[in-house]
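Worksheet: the structure to be examined is printed underneath.
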Amino acid sequence: MKRNYLLSDSIISPMGFGTRENLEAIRQDDTALKFHQNTGFPGNGGYAGLIPEKIINEHFKEIGDPDIYTKLEKLIILAINQVLDENPGLDIENTGLIISTTKGNIDQLGKKLFPEERLYLWKMAEVISQFFGFKKKPVVVSNACISGALAIKTANDLINAGRFSHAIVAGGDLVSHFVLSGFQSFQAISPQPCRPFSIDRQGISLGEAAAAMLVGPTEETGKEFVEYIDTCTSNDANHISGPSRTGEGLYLSISRLLDHNKVSVEEIDYLSAHGTATDYNDEMEAIAFNRVGLKDVPVNSFKGYYGHTLGTSALIETILTRHSLLNNELLASANFSASGVSKPLNIIKEHRHEELKLVLKTASGFGGCNLAMLLKKVVNE
Amino acid sequence: MSNSLYIQDWVIIRAGKVIRNSDIIFKAAHDKKLSSFLKDIYKNRKLKYPKFFKMDTLSKLGYLGSEILFKGEEPAPETALVFSNASSSLETDKAYAETMHDYPSPSLFVYTLPNIMLGEISIRFKLRSENIFLISEFFDPSLYLDYSGALFQQEKAREIVCGRVDLHNTDYDVFLCRISPDKGIDFTEEELKKLYLPTHE
């Protein structure tokens, strides 16, 4: 079977427009989660990761007309544009575009600033695709909070099916009043910046961001690459809005993935978890990780930096995981205080360097969905 | 890749009719609203799953489609779900948005993702299997072939239910088919198109 690699990427977030800027901000312990008033929070405001449209437009006007694209379209276009700039030789005719989003342009619902059609995720994908002149019809993955990583799996599988030579996986979601009010109705929003896996965690923080990644084969040799190994998903078959108490789906997706690829837990150097900082989610993950035997593997959640970026989160976290592998660098799990889950985890408390080769990325979401992905650093001979 | 896979059974719920493997098994009474039509299907099939009444319309469509597809038999636990539609959960999104300025409804908000339907079907049939929800403007058989083909090739599914469950205003469209390596109708773009849009209704 053909092997595909995570070749190039971009993160557009409140912490910076570009992966390098984002990595640098994380190393400086910066955070996207700032206090905002008048953003749909009840009372006196709250913490979220927001990107002002004015700043987006300053970047966007260099490549297009900011008035004819929605905020989210501009963010995703900026991310894809960076990846294309880094890969001038890419055969755009045979490259697929895979969009990952949960809610797309939902902030435009009822506003009438753009044609109503833009609320359709396929239409948003088409608009983004046409901006760059992709020839292949874009594919849209909308599978709650595992979408970003599921889109990478989709890219790998569709390349191997011969549909595309390469694929750009691009994701984005906004902190809309729609999403914020919904999570508030669940009483899931933390009054403070979220604290994944911590004893004092009080729920999630929301963040907005876009990201893009080039996936495909490479003929370049003599340097290190991050190879996509495999992904498994599993539904909890338990509840549509709450995770399984036993972590069944996450446990199954990880254990099937390891069995399938004949990998033992001892070989895994790092685990990039979902870690939303809700009571139930983090507890579920701790249980699932312990059932698989991952309690000693260094683990973090990136939600303390970005908040939960929904359909983008697993894509951003995979990008950061790729760079952790290439840089032999473990990044601290931001805002961690002391363990607040019932099973032991080896939470990364400070940034440090360590030799990394094989890593695991996981994600879980509404609808009972769970995903586990294996990535490996290789030197192409 | 897909030439060793076959379509076993299929279901269409469209324009007031329920069709299973080419047979019309239920017709709506004249001028019935969608909600009453779906309730009538539930009663006609003698289903006993009270959770049905809590679901949003999109999930009801997906749930009913899968009940009729499996015909009361429990599917293999490794039955993967590969679904798509054009409108995501937009109907429920609009219903939720009506509530969000006053008293946001958590029971509506939870249905504002299309893959919730996969969760509902997984819960009903105890499927802890591979799931994906894709969005495409039109019925795109090649997506099912490519994605399902990879799941079989990688030995991640024994059977797959793939298809489309869409709801837009009052227009609804359900087409689900069960795919496995057992002999049946060829799992090809051509056959999928024929089954999706039968010319002799």
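By convention in this document, the chains of the structure tokens carry letters A, B, ... by their order, each chain's residues are numbered from 1, and ligands are numbered from 1 in the order they are shown.
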
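All residues within region 83-128 of chain B that the backbone DSSP calculation assigns to alpha helix (DSSP H) are Leu90, Glu91, Thr92, Asp93, Lys94, Ala95, Tyr96, Ala97, Glu98, Thr99, Met100, Pro106, Ser107, Leu108, Phe109, Ile116, Met117, Leu118, Gly119, Glu120, Ile121, Ser122, Ile123, Arg124 and Phe125 of chain B.
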
* Extract, using only C-alpha atoms, all DNA, RNA and protein residues at most 9 Å from Leu38 (chain B), discarding same-chain residues fewer than 2 positions from it, and format them as a PyMOL selection string. => chain B and resi 28+33-36+40-43+57+60-61+64

Writing out the chosen residues with N, CA and C atoms as a PDB file, in the first residue's frame:
```pdb
ATOM      1  N   ALA B  28     -47.888   6.939   2.363  1.00  0.00           N
ATOM      2  CA  ALA B  28     -48.503   7.927   3.264  1.00  0.00           C
ATOM      3  C   ALA B  28     -49.956   8.140   2.884  1.00  0.00           C
ATOM      4  N   LYS B  33     -48.613  15.514   6.847  1.00  0.00           N
ATOM      5  CA  LYS B  33     -47.379  16.229   7.165  1.00  0.00           C
ATOM      6  C   LYS B  33     -46.258  15.214   7.389  1.00  0.00           C
ATOM      7  N   LEU B  34     -45.006  15.681   7.206  1.00  0.00           N
ATOM      8  CA  LEU B  34     -43.875  14.764   7.368  1.00  0.00           C
ATOM      9  C   LEU B  34     -43.877  14.109   8.752  1.00  0.00           C
ATOM     10  N   SER B  35     -44.145  14.911   9.804  1.00  0.00           N
ATOM     11  CA  SER B  35     -44.088  14.346  11.158  1.00  0.00           C
ATOM     12  C   SER B  35     -45.124  13.220  11.320  1.00  0.00           C
ATOM     13  N   SER B  36     -46.327  13.389  10.750  1.00  0.00           N
ATOM     14  CA  SER B  36     -47.330  12.322  10.865  1.00  0.00           C
ATOM     15  C   SER B  36     -46.953  11.129   9.992  1.00  0.00           C
ATOM     16  N   ASP B  40     -46.556   7.417  11.305  1.00  0.00           N
ATOM     17  CA  ASP B  40     -47.301   6.324  10.677  1.00  0.00           C
ATOM     18  C   ASP B  40     -46.377   5.162  10.275  1.00  0.00           C
ATOM     19  N   ILE B  41     -45.187   5.496   9.770  1.00  0.00           N
ATOM     20  CA  ILE B  41     -44.226   4.432   9.411  1.00  0.00           C
ATOM     21  C   ILE B  41     -43.859   3.647  10.682  1.00  0.00           C
ATOM     22  N   TYR B  42     -43.585   4.403  11.743  1.00  0.00           N
ATOM     23  CA  TYR B  42     -43.206   3.788  13.030  1.00  0.00           C
ATOM     24  C   TYR B  42     -44.273   2.794  13.480  1.00  0.00           C
ATOM     25  N   LYS B  43     -45.544   3.232  13.399  1.00  0.00           N
ATOM     26  CA  LYS B  43     -46.655   2.357  13.827  1.00  0.00           C
ATOM     27  C   LYS B  43     -46.823   1.184  12.869  1.00  0.00           C
ATOM     28  N   THR B  57     -36.190  15.465  13.402  1.00  0.00           N
ATOM     29  CA  THR B  57     -36.736  14.829  12.194  1.00  0.00           C
ATOM     30  C   THR B  57     -35.643  14.106  11.401  1.00  0.00           C
ATOM     31  N   LYS B  60     -34.910  10.893  13.041  1.00  0.00           N
ATOM     32  CA  LYS B  60     -36.051   9.987  12.844  1.00  0.00           C
ATOM     33  C   LYS B  60     -35.964   9.313  11.478  1.00  0.00           C
ATOM     34  N   LEU B  61     -35.636  10.121  10.461  1.00  0.00           N
ATOM     35  CA  LEU B  61     -35.525   9.570   9.108  1.00  0.00           C
ATOM     36  C   LEU B  61     -34.433   8.496   9.047  1.00  0.00           C
ATOM     37  N   LEU B  64     -35.539   5.335  11.151  1.00  0.00           N
ATOM     38  CA  LEU B  64     -36.553   4.523  10.458  1.00  0.00           C
ATOM     39  C   LEU B  64     -35.925   3.790   9.273  1.00  0.00           C
TER      40      LEU B  64
END
```

* To do: Write out as a PyMOL selection string all residues of chain B that backbone DSSP assigns to strand (DSSP E or B).
  => chain B and resi 6-14+17-20+23-27+79-85+131-135+159-168+171-180+185-186

* Asked: What does the distance from CA of Asn380 (chain A) to CA of Lys223 (chain A) come to in Å, to one decimal?
  ->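 Interatomic distance here is 6.1 Å.
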
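If only C-alpha atoms are the atoms counted, then among A:Gln187, A:Gln130, A:Ser234, A:Asn143 the closest residue to Leu127 (chain B) is A:Ser234.
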
* To do: Hey, list the chain B side of the contact with chain A: 7 Å cut-off, only C-alpha atoms, answer as a PyMOL selection string.
  => chain B and resi 86-87+97+100+104-106+109-110+113+115-116+118-120+122-123+126-137+146-147+150

* To do: Tell me which of A:Leu325, A:Met373, A:Leu23, A:Val297 sits closest to Glu355 (chain A), counting only C-alpha atoms.
  =>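 Ranking A:Leu325, A:Met373, A:Leu23, A:Val297 by distance to Glu355 (chain A), first place goes to A:Leu325.
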
* Asked: By how many Å are CA of Lys51 (chain B) and CA of Gln8 (chain B) apart?
  -> 27.6 Å

* Fewer than 6 positions away in the same chain doesn't count, so skip those; otherwise give me all residues within 12 Å of Ile128 (chain A), counting only C-alpha atoms, as a ChimeraX atom specification. => /A:64,68-81,97-99,104,118,121-122,134-135,137-140,168,170-172

* Using only C-alpha atoms, determine which residues lie at most 12 Å from Ile25 (chain B), disregarding the query and same-chain residues fewer than 6 positions distant; provide the list as a ChimeraX atom specification. => /B:11-13,16-19,41,44-45,68-69,71
